[in-house]
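Engineer: Quick one: the structure is below, questions incoming.
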Amino acid sequence: TNKPSETIKMIIKSTGVEKKVKSILLFAYICATLLLVAALVPWFFPDPTPGIRAPIQNLHDWRLNGFAVGLIVFLLVKSETEFREKTKNEELTALRLDKDRARANEALLADRNTLIDLITHDLKNPLGTIKFAATSLKDQLKDNLSALQRLKHIDLCVSRMNKLIEHVALSARIDRYEPTDLIHTQPVCELIDELTEIYPERDRFDIRVTEHAAITADREMLAVIFGNLIENAYKYSHSGSNINITVTCDNNPLSNAGSQPPTAGQGSEALCFEISNAVGVFGAPDDAHIFERYYRNPNSLIIPGMGLGLSLVQAAANKIGASVQFAHLANTVTFTVRIPA
């Protein structure tokens with residue numbers, strides 16, 4: 001029982017209705033209102049003059065005639081049909097554009113991966129030659145301290161370039177990684193020992209692994225996750241300080257406050273890998289950019305790197321359905337990885 005003005009405003013301001021349909025509804029409402037007013041005229045003028053009686057009778061006929069209603073319904077159906085057809089065509093066009101863009105992106109990604117493969121392959125060979133030549137020259141110039149210092153600098157630069165190439169190649173492999181069924185269960189302690197034995201101060205690692213803890217996941221992805229976290233803890237913590245590594249079976253991985261939402265395939269049990277270290281001279285990581293690719297904390301720019309390590313950790317974790325959390329409490333940095341059992 002809205003007032004006519006309110007009804008007209010509702011029709012005009014309605015959303016999700018095509019303009020043509022609004023116009024038809026508005027026209028129909030105005031006509032119906034006029035017919036209703038005309039139908040009430042005899043109540044107020046019981047015996048109108050002959051000049052008025054005929055138009056009123058015609059209005060009564062129009063009000064009772066189904067032609068007007070049918071015409072309005074036909075126009076509404078036709079307008080709605082045209083609107084839906086137009087919307088459908090627009091959606092199909094958008095889908096075609098999305099498909100074309102996806103194909104173009106796939107082609108660009110394939111070209112990028114091919115270029116990365118060629119560059120990494122072609123760069124590693126000359127770097128290997130340089131490293132071999134530098135090693136050979138060390139024996140010949142062992143009495144020349146100045147030359148040995150230069151050779152040491154060359155060796156460090158070659159090692160740094162090799163590390164960068166490996167990170168770029170690894171990033172491309174992770175992007176192309178597809179899960180397979182050819183994954184075997186492996187003891188966690190063996191993988192941790194393998195990743196920590198390469199460090200000269202191995203006694204800094206305090207490793208505690210639940211007895212018989214094993215994991216069923218892609219070994220390369222696990223090596224990327226654990227290896228980068230161990231390397232970061234070793235590189236950015238105080239020299240000589242302890243690095244704590246704990247591996248447990250978490251029966252309720254979703255109970256911890258602040259944890260990320262469960263990933264696909266994550267059940268009620270998970271293997272929990274936790275590594276923590278004291279904040280070093282370069283300070284704590286930047287929480288806002290912790291997993292951002294190519295980002296490096298301004299305080300640590302003097303250390304060689306590309307800012308890929310933690311982004312690779314997150315990318316590899318996503319590939320195997322794991323989650324990674326970061327916490328900075330007091331003077332300790334902690335990374336926690338939960339991998340579905």
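To be explicit about the labels: the chains of the structure tokens are called A, B, and onward in the order shown, and within each one the residues are counted from 1, while ligands get numbers from 1 in the order they are shown.
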What's the 10 Å shell around region 104-112 of chain A, counting only C-alpha atoms, without same-chain residues fewer than 6 positions away, as a PyMOL selection string?
Structural biologist: chain A and resi 98+118+172+175-176
Engineer: Check the smallest atom-to-atom distance from each of A:Leu229, A:Asp218, A:Thr332, A:His153 to Asn242 (chain A) using only C-alpha atoms, then report the winner.
Structural biologist: A:Thr332
Engineer: Do you have the CA of Leu115 (chain A)-CA of Arg160 (chain A) distance handy?
Structural biologist: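 CA of Arg160 (chain A) lies 20.7 Å from CA of Leu115 (chain A).
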Engineer: Can you work out the spacing between CA of Pro187 (chain A) and CA of Val168 (chain A) in Å, to one decimal?
Structural biologist: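 Answer for the CA of Pro187 (chain A) to CA of Val168 (chain A) separation: 28.5 Å.
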Engineer: Could you name the residues that touch Cys189 (chain A) at 8 Å or less, counting only C-alpha atoms, but leaving out those on the same chain fewer than 2 positions away, as a list of chain:residue names?
Structural biologist: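 Here the answer would be A:Pro187, A:Leu191, A:Ile192, A:Asp193, A:Val209, A:Ala213.
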Engineer: With a distance cut-off of 12 Å and only C-alpha atoms, select the neighbouring residues of Cys272 (chain A), excluding the residue or stretch itself and same-chain residues fewer than 2 positions from it, and output the selection as a VMD selection string.
Structural biologist: chain A and resid 188 208 to 210 213 to 215 226 245 to 254 256 269 to 270 274 to 275 322 to 325 335 to 341
Engineer: Expressed in Å to a single decimal, how great is the separation between CA of Leu329 (chain A) and CA of Ile290 (chain A)?
Structural biologist: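 One can read the CA of Leu329 (chain A) to CA of Ile290 (chain A) distance as 15.1 Å.
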Engineer: Extract the full set of helix (DSSP H, G or I) residues from region 75-265 of chain A according to DSSP on the backbone, and format it as a ChimeraX atom specification.
Structural biologist: /A:75-140,145-176,188-196,202-204,219-236
Engineer: Using only C-alpha atoms, which residue out of A:Gly309, A:Ser136, A:Leu92, A:Val333 lies closest to Arg293 (chain A)?
Structural biologist: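 Of A:Gly309, A:Ser136, A:Leu92, A:Val333, the one nearest Arg293 (chain A) is A:Gly309, counting only C-alpha atoms.
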Engineer: What are the DSSP strand (DSSP E) residues of region 64-255 of chain A, as a VMD selection string?
Structural biologist: chain A and resid 185 to 187 205 to 209 214 to 216 243 to 250
Engineer: Go ahead and save the residues from that selection, with N, CA and C atoms, as a JSON list (two decimals), in the first residue's frame.
Structural biologist:
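This went into result_30.json:
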```json
[["chain", "number", "residue", "atom", "x", "y", "z"],
["A", 185, "THR", "N", 57.77, -43.11, 1.87],
["A", 185, "THR", "CA", 57.94, -42.67, 3.25],
["A", 185, "THR", "C", 59.42, -42.72, 3.62],
["A", 186, "GLN", "N", 59.89, -41.68, 4.31],
["A", 186, "GLN", "CA", 61.31, -41.59, 4.64],
["A", 186, "GLN", "C", 61.47, -41.08, 6.07],
["A", 187, "PRO", "N", 62.50, -41.56, 6.77],
["A", 187, "PRO", "CA", 62.77, -41.08, 8.13],
["A", 187, "PRO", "C", 63.16, -39.61, 8.12],
["A", 205, "PHE", "N", 73.63, -26.94, 16.12],
["A", 205, "PHE", "CA", 72.27, -27.44, 15.94],
["A", 205, "PHE", "C", 71.87, -28.34, 17.10],
["A", 206, "ASP", "N", 70.80, -27.98, 17.76],
["A", 206, "ASP", "CA", 70.20, -28.81, 18.81],
["A", 206, "ASP", "C", 68.98, -29.49, 18.19],
["A", 207, "ILE", "N", 69.16, -30.74, 17.76],
["A", 207, "ILE", "CA", 68.14, -31.45, 16.98],
["A", 207, "ILE", "C", 67.40, -32.45, 17.87],
["A", 208, "ARG", "N", 66.09, -32.34, 17.87],
["A", 208, "ARG", "CA", 65.26, -33.28, 18.64],
["A", 208, "ARG", "C", 64.14, -33.77, 17.73],
["A", 209, "VAL", "N", 64.21, -35.04, 17.38],
["A", 209, "VAL", "CA", 63.24, -35.64, 16.47],
["A", 209, "VAL", "C", 62.51, -36.77, 17.20],
["A", 214, "ALA", "N", 58.50, -40.31, 10.60],
["A", 214, "ALA", "CA", 58.68, -40.48, 9.15],
["A", 214, "ALA", "C", 57.67, -39.59, 8.44],
["A", 215, "ILE", "N", 57.96, -39.34, 7.20],
["A", 215, "ILE", "CA", 57.11, -38.44, 6.43],
["A", 215, "ILE", "C", 56.95, -38.95, 5.02],
["A", 216, "THR", "N", 55.75, -38.79, 4.48],
["A", 216, "THR", "CA", 55.46, -39.19, 3.10],
["A", 216, "THR", "C", 55.20, -37.94, 2.29],
["A", 243, "ILE", "N", 70.91, -23.30, 17.44],
["A", 243, "ILE", "CA", 69.77, -23.34, 16.52],
["A", 243, "ILE", "C", 68.96, -24.56, 16.88],
["A", 244, "ASN", "N", 67.75, -24.37, 17.34],
["A", 244, "ASN", "CA", 66.92, -25.47, 17.83],
["A", 244, "ASN", "C", 66.01, -25.99, 16.73],
["A", 245, "ILE", "N", 66.11, -27.28, 16.48],
["A", 245, "ILE", "CA", 65.26, -27.95, 15.49],
["A", 245, "ILE", "C", 64.47, -29.04, 16.20],
["A", 246, "THR", "N", 63.16, -28.96, 16.10],
["A", 246, "THR", "CA", 62.29, -29.95, 16.75],
["A", 246, "THR", "C", 61.32, -30.51, 15.73],
["A", 247, "VAL", "N", 61.20, -31.82, 15.70],
["A", 247, "VAL", "CA", 60.26, -32.49, 14.81],
["A", 247, "VAL", "C", 59.36, -33.38, 15.66],
["A", 248, "THR", "N", 58.06, -33.12, 15.63],
["A", 248, "THR", "CA", 57.11, -33.89, 16.41],
["A", 248, "THR", "C", 55.91, -34.27, 15.55],
["A", 249, "CYS", "N", 55.11, -35.18, 16.06],
["A", 249, "CYS", "CA", 53.84, -35.54, 15.42],
["A", 249, "CYS", "C", 52.74, -34.78, 16.13],
["A", 250, "ASP", "N", 52.10, -33.86, 15.43],
["A", 250, "ASP", "CA", 51.06, -33.00, 15.99],
["A", 250, "ASP", "C", 49.71, -33.61, 15.67]]
```
Engineer: So which one's closest to Ser311 (chain A), A:Ile154, A:Ile24, A:Ile30, A:Val224? Using only C-alpha atoms, please.
Structural biologist: A:Val224
Engineer: Using only C-alpha atoms, can you tell me which of A:Lys22, A:Asn162, A:Arg103, A:Ala330 comes closest to Gly128 (chain A)?
Structural biologist: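 Nearest to Gly128 (chain A): A:Asn162.
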Engineer: Give me, as a list in words, all polymer residues having an atom no more than 10 Å from Gly307 (chain A), counting only C-alpha atoms and skipping those fewer than 5 positions away in the same chain.
Structural biologist: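 Within the cut-off, the hits are His167, Ile290, Phe291, Glu292, Arg293, Tyr294, Tyr295, Arg296, Asn297, Leu301 and Leu312 of chain A.
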